[in-house]
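Asks: File my_file-v5.tsv below, TSV, C-alpha atoms and all ligand atoms:
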```tsv
chain	number	residue	atom	x	y	z
A	1	MET	CA	4.15	-24.38	-12.39
A	2	HIS	CA	6.17	-21.60	-13.93
A	3	ASP	CA	3.38	-19.06	-13.94
A	4	LEU	CA	2.21	-19.82	-10.38
A	5	PHE	CA	3.68	-16.53	-9.17
A	6	SER	CA	3.40	-14.66	-12.48
A	7	VAL	CA	2.18	-11.06	-12.60
A	8	LYS	CA	3.12	-10.65	-16.26
A	9	ASP	CA	0.88	-8.17	-18.09
A	10	LYS	CA	-1.38	-7.79	-15.06
A	11	VAL	CA	-2.65	-4.23	-14.61
A	12	VAL	CA	-1.57	-3.17	-11.12
A	13	LEU	CA	-2.73	0.13	-9.60
A	14	ILE	CA	-0.59	1.21	-6.65
A	15	THR	CA	-1.90	4.23	-4.76
A	16	GLY	CA	0.72	6.66	-3.46
A	17	SER	CA	3.50	5.14	-5.55
A	18	SER	CA	5.42	8.22	-6.64
A	19	ARG	CA	7.94	7.59	-3.85
A	20	GLY	CA	8.73	5.39	-0.84
A	21	LEU	CA	7.36	1.88	-0.48
A	22	GLY	CA	4.82	2.48	-3.27
A	23	ALA	CA	7.58	3.37	-5.74
A	24	GLY	CA	9.35	0.18	-4.63
A	25	PHE	CA	6.23	-1.88	-5.41
A	26	ALA	CA	5.88	-0.08	-8.76
A	27	SER	CA	9.42	-0.78	-9.94
A	28	GLY	CA	9.36	-4.35	-8.58
A	29	PHE	CA	6.09	-5.26	-10.31
A	30	ALA	CA	7.34	-3.63	-13.53
A	31	GLU	CA	10.52	-5.73	-13.37
A	32	HIS	CA	8.29	-8.79	-13.16
A	33	GLY	CA	6.40	-7.80	-16.32
A	34	ALA	CA	3.26	-6.18	-14.88
A	35	LYS	CA	1.62	-3.08	-16.35
A	36	VAL	CA	2.05	-0.68	-13.48
A	37	ILE	CA	-0.02	2.41	-12.71
A	38	VAL	CA	1.91	4.97	-10.65
A	39	ASN	CA	-0.27	7.33	-8.58
A	40	GLY	CA	0.32	10.26	-6.23
A	41	THR	CA	-0.92	13.81	-5.81
A	42	ASN	CA	2.27	15.46	-7.11
A	43	GLN	CA	2.19	15.37	-10.93
A	44	GLU	CA	5.94	15.97	-11.26
A	45	ALA	CA	6.85	13.24	-8.76
A	46	VAL	CA	4.57	10.80	-10.61
A	47	ARG	CA	6.22	11.76	-13.92
A	48	GLN	CA	9.73	11.21	-12.52
A	49	THR	CA	8.89	7.79	-11.07
A	50	VAL	CA	7.28	6.76	-14.37
A	51	GLN	CA	10.39	7.92	-16.26
A	52	ALA	CA	12.75	5.99	-13.96
A	53	ILE	CA	10.76	2.74	-14.42
A	54	LYS	CA	10.42	3.29	-18.17
A	55	ALA	CA	14.20	3.77	-18.44
A	56	LYS	CA	14.60	0.23	-17.08
A	57	GLY	CA	12.21	-1.12	-19.73
A	58	GLY	CA	9.07	-1.38	-17.57
A	59	GLN	CA	5.46	-1.06	-18.76
A	60	VAL	CA	4.35	1.91	-16.70
A	61	PHE	CA	1.66	4.60	-16.75
A	62	GLY	CA	1.25	7.68	-14.55
A	63	TYR	CA	-2.07	8.91	-13.15
A	64	ALA	CA	-1.77	11.75	-10.63
A	65	PHE	CA	-4.90	12.14	-8.53
A	66	ASP	CA	-6.03	12.51	-4.95
A	67	ILE	CA	-7.18	9.13	-3.73
A	68	THR	CA	-9.34	10.69	-0.99
A	69	ASP	CA	-11.51	12.48	-3.56
A	70	SER	CA	-14.13	9.97	-4.73
A	71	ARG	CA	-15.05	12.02	-7.83
A	72	GLN	CA	-11.43	11.90	-9.05
A	73	VAL	CA	-11.15	8.22	-8.11
A	74	ILE	CA	-14.22	7.29	-10.18
A	75	LEU	CA	-13.02	9.28	-13.22
A	76	LYS	CA	-9.43	8.02	-13.07
A	77	ILE	CA	-10.33	4.37	-12.55
A	78	ALA	CA	-12.56	4.60	-15.63
A	79	ALA	CA	-9.71	6.27	-17.56
A	80	ILE	CA	-7.16	3.64	-16.48
A	81	GLU	CA	-9.47	0.77	-17.45
A	82	GLU	CA	-10.15	2.40	-20.83
A	83	GLU	CA	-6.55	3.38	-21.60
A	84	VAL	CA	-4.49	0.57	-19.99
A	85	GLY	CA	-6.96	-2.24	-19.28
A	86	PRO	CA	-9.11	-3.69	-16.48
A	87	ILE	CA	-7.37	-3.42	-13.11
A	88	ASP	CA	-6.28	-6.89	-11.97
A	89	VAL	CA	-4.54	-5.83	-8.77
A	90	LEU	CA	-5.14	-2.83	-6.50
A	91	ILE	CA	-2.54	-2.02	-3.85
A	92	ASN	CA	-3.92	0.46	-1.29
A	93	ASN	CA	-0.58	1.91	-0.25
A	94	ALA	CA	-1.04	5.69	0.12
A	95	GLY	CA	-0.68	6.72	3.74
A	96	ILE	CA	0.42	9.56	6.02
A	97	HIS	CA	1.42	10.19	9.62
A	98	ARG	CA	0.44	13.18	11.76
A	99	ARG	CA	2.01	12.64	15.19
A	100	ALA	CA	0.69	14.16	18.43
A	101	PRO	CA	-0.42	12.96	21.87
A	102	LEU	CA	-4.15	12.17	21.68
A	103	GLU	CA	-5.10	14.83	24.25
A	104	GLU	CA	-3.43	17.47	22.07
A	105	MET	CA	-4.17	16.09	18.61
A	106	SER	CA	-6.14	18.44	16.36
A	107	GLU	CA	-9.32	17.12	14.85
A	108	ALA	CA	-7.85	17.96	11.45
A	109	ASP	CA	-4.85	15.66	12.06
A	110	TRP	CA	-7.14	12.91	13.29
A	111	ARG	CA	-9.49	13.19	10.31
A	112	GLN	CA	-6.74	13.53	7.67
A	113	VAL	CA	-4.98	10.35	8.77
A	114	ILE	CA	-8.22	8.34	8.92
A	115	ASP	CA	-9.27	9.81	5.58
A	116	LEU	CA	-6.19	8.75	3.63
A	117	ASN	CA	-5.12	5.59	5.47
A	118	LEU	CA	-8.61	4.10	5.86
A	119	ASN	CA	-11.39	5.92	3.99
A	120	ALA	CA	-9.41	6.20	0.73
A	121	ALA	CA	-8.73	2.45	0.75
A	122	PHE	CA	-12.49	1.87	1.01
A	123	ILE	CA	-13.23	4.34	-1.81
A	124	ALA	CA	-10.60	2.96	-4.21
A	125	SER	CA	-11.54	-0.65	-3.43
A	126	LYS	CA	-15.26	0.00	-3.86
A	127	TYR	CA	-14.88	1.37	-7.39
A	128	VAL	CA	-12.17	-1.06	-8.51
A	129	ALA	CA	-14.12	-4.02	-7.06
A	130	GLN	CA	-17.20	-3.20	-9.14
A	131	GLY	CA	-15.23	-4.15	-12.27
A	132	MET	CA	-13.56	-7.10	-10.54
A	133	ILE	CA	-16.97	-8.45	-9.46
A	134	ALA	CA	-18.24	-8.25	-13.04
A	135	ARG	CA	-15.10	-10.09	-14.27
A	136	ARG	CA	-15.20	-12.57	-11.33
A	137	GLN	CA	-11.49	-11.99	-10.64
A	138	GLY	CA	-9.30	-9.62	-8.67
A	139	LYS	CA	-6.66	-9.07	-6.00
A	140	ILE	CA	-6.62	-6.25	-3.47
A	141	ILE	CA	-3.65	-5.73	-1.16
A	142	ASN	CA	-3.95	-3.27	1.72
A	143	ILE	CA	-0.77	-1.87	3.27
A	144	THR	CA	-1.28	-1.77	7.03
A	145	SER	CA	1.43	-1.59	9.69
A	146	LEU	CA	2.69	-3.09	12.94
A	147	MET	CA	0.35	-0.48	14.38
A	148	ALA	CA	-2.63	-2.58	13.30
A	149	GLU	CA	-1.54	-4.76	16.26
A	150	GLY	CA	-0.16	-2.32	18.81
A	151	ALA	CA	-0.03	1.43	19.37
A	152	ARG	CA	2.88	3.76	20.12
A	153	SER	CA	2.63	7.13	21.82
A	154	SER	CA	1.56	9.97	19.53
A	155	THR	CA	0.28	7.69	16.77
A	156	GLY	CA	-3.32	7.13	17.94
A	157	ASN	CA	-4.85	8.32	14.66
A	158	TYR	CA	-2.51	6.11	12.61
A	159	ALA	CA	-3.02	3.02	14.82
A	160	ALA	CA	-6.81	3.48	14.63
A	161	ALA	CA	-6.65	3.82	10.83
A	162	LYS	CA	-4.36	0.81	10.32
A	163	GLY	CA	-6.35	-1.34	12.76
A	164	GLY	CA	-9.46	-0.33	10.83
A	165	LEU	CA	-7.79	-1.22	7.55
A	166	LYS	CA	-6.94	-4.68	8.90
A	167	MET	CA	-10.65	-5.24	9.69
A	168	LEU	CA	-11.72	-3.71	6.35
A	169	THR	CA	-9.46	-6.32	4.72
A	170	LYS	CA	-11.44	-9.07	6.47
A	171	ALA	CA	-14.78	-7.41	5.65
A	172	MET	CA	-13.93	-7.12	1.95
A	173	ALA	CA	-12.66	-10.71	1.87
A	174	THR	CA	-15.91	-11.85	3.49
A	175	GLU	CA	-18.14	-10.02	1.00
A	176	TRP	CA	-16.15	-10.42	-2.20
A	177	GLY	CA	-14.68	-13.93	-1.81
A	178	LYS	CA	-17.67	-15.38	-3.69
A	179	PHE	CA	-16.66	-13.27	-6.70
A	180	ASN	CA	-13.15	-14.80	-6.75
A	181	ILE	CA	-11.63	-11.63	-5.32
A	182	GLN	CA	-8.90	-12.07	-2.72
A	183	VAL	CA	-8.29	-9.19	-0.31
A	184	ASN	CA	-5.24	-9.46	1.92
A	185	ALA	CA	-2.92	-7.09	3.75
A	186	ILE	CA	0.80	-6.59	4.17
A	187	GLY	CA	1.94	-5.13	7.48
A	188	PRO	CA	5.41	-3.63	7.06
A	189	GLY	CA	7.72	-3.21	10.04
A	190	TYR	CA	10.07	-0.22	10.05
A	191	PHE	CA	11.27	0.86	6.61
A	192	LYS	CA	13.36	3.94	5.80
A	193	THR	CA	11.23	6.26	3.62
A	194	GLU	CA	10.20	9.92	3.75
A	195	LEU	CA	7.40	8.87	6.11
A	196	THR	CA	9.91	7.63	8.70
A	197	GLN	CA	12.70	10.12	7.87
A	198	SER	CA	12.49	11.95	11.21
A	199	LEU	CA	12.56	8.64	13.13
A	200	ALA	CA	15.53	7.24	11.20
A	201	ALA	CA	17.43	10.50	11.70
A	202	ASP	CA	17.05	10.21	15.47
A	203	PRO	CA	20.06	8.12	16.64
A	204	GLN	CA	18.17	6.86	19.69
A	205	PHE	CA	15.19	5.69	17.62
A	206	ASP	CA	17.47	4.16	14.97
A	207	ALA	CA	19.34	2.21	17.67
A	208	TRP	CA	16.05	1.11	19.28
A	209	VAL	CA	14.75	-0.27	15.96
A	210	LYS	CA	17.97	-2.21	15.30
A	211	GLN	CA	17.98	-3.61	18.83
A	212	ARG	CA	14.22	-4.40	18.87
A	213	VAL	CA	13.90	-6.21	15.54
A	214	PRO	CA	15.34	-9.76	15.29
A	215	ALA	CA	16.73	-8.93	11.81
A	216	GLU	CA	18.76	-6.11	13.47
A	217	ARG	CA	18.15	-3.74	10.54
A	218	TRP	CA	15.49	-1.52	8.99
A	219	GLY	CA	13.55	-3.00	6.06
A	220	GLU	CA	14.29	-2.09	2.44
A	221	PRO	CA	11.36	-1.51	0.02
A	222	SER	CA	12.53	-4.58	-1.94
A	223	ASP	CA	11.91	-6.71	1.19
A	224	LEU	CA	8.15	-6.26	0.60
A	225	LEU	CA	8.08	-7.40	-3.01
A	226	GLY	CA	7.92	-11.16	-2.47
A	227	ALA	CA	4.82	-10.96	-0.27
A	228	ALA	CA	3.15	-8.53	-2.68
A	229	ILE	CA	3.81	-10.69	-5.74
A	230	PHE	CA	2.55	-13.75	-3.87
A	231	LEU	CA	-0.68	-11.95	-2.92
A	232	ALA	CA	-1.09	-10.60	-6.48
A	233	SER	CA	-0.59	-13.96	-8.21
A	234	LYS	CA	-2.65	-17.13	-8.47
A	235	ALA	CA	-0.35	-18.72	-5.86
A	236	SER	CA	-2.63	-17.06	-3.27
A	237	ASP	CA	-6.04	-17.79	-4.86
A	238	TYR	CA	-7.42	-19.52	-1.71
A	239	ILE	CA	-5.96	-17.05	0.81
A	240	ASN	CA	-8.39	-14.33	1.84
A	241	GLY	CA	-8.59	-11.75	4.62
A	242	GLN	CA	-5.09	-12.38	5.98
A	243	THR	CA	-2.29	-10.02	6.95
A	244	ILE	CA	1.32	-10.98	6.22
A	245	TYR	CA	3.68	-9.05	8.46
A	246	VAL	CA	6.96	-8.26	6.70
A	247	ASP	CA	8.69	-7.01	9.79
A	248	GLY	CA	12.02	-8.80	10.22
A	249	GLY	CA	10.40	-10.80	13.03
A	250	TRP	CA	9.30	-7.77	15.08
A	251	LEU	CA	5.91	-9.14	16.17
A	252	ALA	CA	7.37	-12.55	16.99
A	253	ALA	CA	9.70	-11.14	19.64
A	254	LEU	CA	8.87	-9.68	23.04
B	301	LIG	N1	7.83	3.42	5.93
B	301	LIG	C1	7.47	2.55	6.87
B	301	LIG	O1	8.28	2.16	7.72
B	301	LIG	C2	6.07	2.01	6.93
B	301	LIG	C3	5.77	1.08	7.91
B	301	LIG	C4	4.48	0.54	7.97
B	301	LIG	C5	3.54	0.94	7.07
B	301	LIG	N2	3.84	1.87	6.12
B	301	LIG	C6	2.78	2.24	5.19
B	301	LIG	O2	3.23	2.09	3.86
B	301	LIG	C7	2.58	3.02	3.01
B	301	LIG	C8	3.62	3.82	2.24
B	301	LIG	O3	4.42	4.52	3.17
B	301	LIG	P1	5.78	5.27	2.75
B	301	LIG	O4	6.70	5.10	3.90
B	301	LIG	O5	6.20	4.84	1.41
B	301	LIG	O6	5.25	6.79	2.73
B	301	LIG	P2	5.74	8.06	1.87
B	301	LIG	O7	5.33	9.26	2.64
B	301	LIG	O8	7.17	7.92	1.48
B	301	LIG	O9	4.84	7.94	0.54
B	301	LIG	C9	3.46	8.14	0.59
B	301	LIG	C10	2.92	8.23	-0.82
B	301	LIG	O10	1.51	8.52	-0.73
B	301	LIG	C11	1.20	9.55	-1.65
B	301	LIG	N3	0.01	10.28	-1.21
B	301	LIG	C12	-0.16	11.06	-0.12
B	301	LIG	N4	-1.41	11.56	-0.10
B	301	LIG	C13	-2.05	11.07	-1.20
B	301	LIG	C14	-3.35	11.20	-1.74
B	301	LIG	N5	-4.27	11.96	-1.12
B	301	LIG	N6	-3.66	10.57	-2.90
B	301	LIG	C15	-2.75	9.80	-3.53
B	301	LIG	N7	-1.49	9.62	-3.07
B	301	LIG	C16	-1.15	10.25	-1.92
B	301	LIG	C17	2.44	10.42	-1.68
B	301	LIG	O11	2.46	11.19	-2.87
B	301	LIG	C18	3.53	9.34	-1.66
B	301	LIG	O12	3.75	8.84	-2.96
B	301	LIG	C19	1.70	3.88	3.93
B	301	LIG	O13	0.39	3.37	3.94
B	301	LIG	C20	2.34	3.69	5.29
B	301	LIG	O14	1.43	3.91	6.33
B	301	LIG	C21	5.08	2.42	6.03
```
Please lay out the structure from this file as structure tokens.
Ligand SMILES: NC(=O)c1ccc[n+]([C@@H]2O[C@H](COP(=O)([O-])OP(=O)(O)OC[C@H]3O[C@@H](n4cnc5c(N)ncnc54)[C@H](O)[C@@H]3O)[C@@H](O)[C@H]2O)c1
Replies:
Amino acid sequence: MHDLFSVKDKVVLITGSSRGLGAGFASGFAEHGAKVIVNGTNQEAVRQTVQAIKAKGGQVFGYAFDITDSRQVILKIAAIEEEVGPIDVLINNAGIHRRAPLEEMSEADWRQVIDLNLNAAFIASKYVAQGMIARRQGKIINITSLMAEGARSSTGNYAAAKGGLKMLTKAMATEWGKFNIQVNAIGPGYFKTELTQSLAADPQFDAWVKQRVPAERWGEPSDLLGAAIFLASKASDYINGQTIYVDGGWLAAL
């Protein structure tokens, strides 16, 4: 009973975890005894996040690489599995926004958002799953968004990517369930991070969020940890292809 939700000594790779929600997952999993792999493209930011978690006694390892570059992904996954151990849990968290009305959006902004928020999750999952399939065990958690359910103006690329990631979650669950791999998603509501800095700094937007969400506040990174630990532990071994929205009740309310 006690280890139903345990992630102790599990090797957890969190993409884009040098800051924001990913750094929250990294420090939370480390506090619960996991061996955490911090990733991001900025070597110095990865180092600092690793240091901060280490200072609190966590088991943590830094691997800076670009998750959209499949050659780097293949090399680094092999290095992680050799140096730290087989990856038990992959959290596809790295994501970006590039806002513009669709009729004005550059192709570069469209492609970049799809490439990181959707294509990179496929690439990382493909190469991590190969080992999981061989071991007949694994957990993959995709970080989607409220925008997997509904769009907002100027976020067409992001909504398309997150909606795609929700369906990729179901596709991976469908194909890999027979190998005892569970693939689920977490859809965060509005959380204050660098990604949403410009929105939170806008008093009108800030007031709209607080008025729109039943919880009447923005989410904190720690609000996501319970769902992530549940989906990473054996407590969720028969749950596959689902999205848990951690949104303060946003989607429940009209
Ligand atoms: N903040 C929110 O309110 C919110 C809401 C819903 C969903 N999300 C999703 O949560 C995830 C994390 O968002 P955040 O708010 O923490 O963002 P953030 O901008 O604060 O952090 C993004 C992280 O991704 C990393 N990254 C960027 N490009 C990368 C690449 N090519 N390879 C590897 N790492 C890369 C960055 O280094 C950084 O660590 C994203 O997928 C985002 O879409 C966030």
Asks: Atom CA of A:Gln43 and atom CA of A:Ala78, how far apart in Å?
Replies: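 Those two atoms sit 18.9 Å apart.
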Asks: Given the choices A:Gln48, A:Thr169, A:Asn180, A:Asn142, which gets closest to ligand LIG 301 (chain B) if the distance is worked out from only C-alpha atoms and all ligand atoms?
Replies: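 Looking only at the distances to ligand LIG 301 (chain B), the closest residue turns out to be A:Asn142.
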Asks: Between A:Ala171, A:Ile186, A:Ala160, A:Leu231, which is the closest to ligand LIG 301 (chain B) once you count only C-alpha atoms and all ligand atoms?
Replies: A:Ile186
Asks: Taking only C-alpha atoms and all ligand atoms into account, report as a PDB file with C-alpha atoms, keeping the file's coordinate frame which residues have an atom no farther than 7 Å from an atom of ligand LIG 301 (chain B).
Replies:
```pdb
ATOM      1  CA  THR A  15      -1.900   4.230  -4.760  1.00  0.00           C
ATOM      2  CA  GLY A  16       0.720   6.660  -3.460  1.00  0.00           C
ATOM      3  CA  SER A  17       3.500   5.140  -5.550  1.00  0.00           C
ATOM      4  CA  SER A  18       5.420   8.220  -6.640  1.00  0.00           C
ATOM      5  CA  ARG A  19       7.940   7.590  -3.850  1.00  0.00           C
ATOM      6  CA  GLY A  20       8.730   5.390  -0.840  1.00  0.00           C
ATOM      7  CA  LEU A  21       7.360   1.880  -0.480  1.00  0.00           C
ATOM      8  CA  GLY A  22       4.820   2.480  -3.270  1.00  0.00           C
ATOM      9  CA  ASN A  39      -0.270   7.330  -8.580  1.00  0.00           C
ATOM     10  CA  GLY A  40       0.320  10.260  -6.230  1.00  0.00           C
ATOM     11  CA  THR A  41      -0.920  13.810  -5.810  1.00  0.00           C
ATOM     12  CA  ASN A  42       2.270  15.460  -7.110  1.00  0.00           C
ATOM     13  CA  PHE A  65      -4.900  12.140  -8.530  1.00  0.00           C
ATOM     14  CA  ASP A  66      -6.030  12.510  -4.950  1.00  0.00           C
ATOM     15  CA  ILE A  67      -7.180   9.130  -3.730  1.00  0.00           C
ATOM     16  CA  THR A  68      -9.340  10.690  -0.990  1.00  0.00           C
ATOM     17  CA  ASN A  93      -0.580   1.910  -0.250  1.00  0.00           C
ATOM     18  CA  ALA A  94      -1.040   5.690   0.120  1.00  0.00           C
ATOM     19  CA  GLY A  95      -0.680   6.720   3.740  1.00  0.00           C
ATOM     20  CA  ILE A  96       0.420   9.560   6.020  1.00  0.00           C
ATOM     21  CA  LEU A 116      -6.190   8.750   3.630  1.00  0.00           C
ATOM     22  CA  ASN A 117      -5.120   5.590   5.470  1.00  0.00           C
ATOM     23  CA  ILE A 143      -0.770  -1.870   3.270  1.00  0.00           C
ATOM     24  CA  THR A 144      -1.280  -1.770   7.030  1.00  0.00           C
ATOM     25  CA  SER A 145       1.430  -1.590   9.690  1.00  0.00           C
ATOM     26  CA  LEU A 146       2.690  -3.090  12.940  1.00  0.00           C
ATOM     27  CA  GLY A 187       1.940  -5.130   7.480  1.00  0.00           C
ATOM     28  CA  PRO A 188       5.410  -3.630   7.060  1.00  0.00           C
ATOM     29  CA  GLY A 189       7.720  -3.210  10.040  1.00  0.00           C
ATOM     30  CA  TYR A 190      10.070  -0.220  10.050  1.00  0.00           C
ATOM     31  CA  PHE A 191      11.270   0.860   6.610  1.00  0.00           C
ATOM     32  CA  LYS A 192      13.360   3.940   5.800  1.00  0.00           C
ATOM     33  CA  THR A 193      11.230   6.260   3.620  1.00  0.00           C
ATOM     34  CA  GLU A 194      10.200   9.920   3.750  1.00  0.00           C
ATOM     35  CA  LEU A 195       7.400   8.870   6.110  1.00  0.00           C
ATOM     36  CA  THR A 196       9.910   7.630   8.700  1.00  0.00           C
TER      37      THR A 196
END
```
Asks: Measure the distance from atom CA of A:Ser154 to atom CA of A:Glu103 in Å and round it to one decimal.
Replies: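 Here the two named atoms are 9.5 Å from each other.
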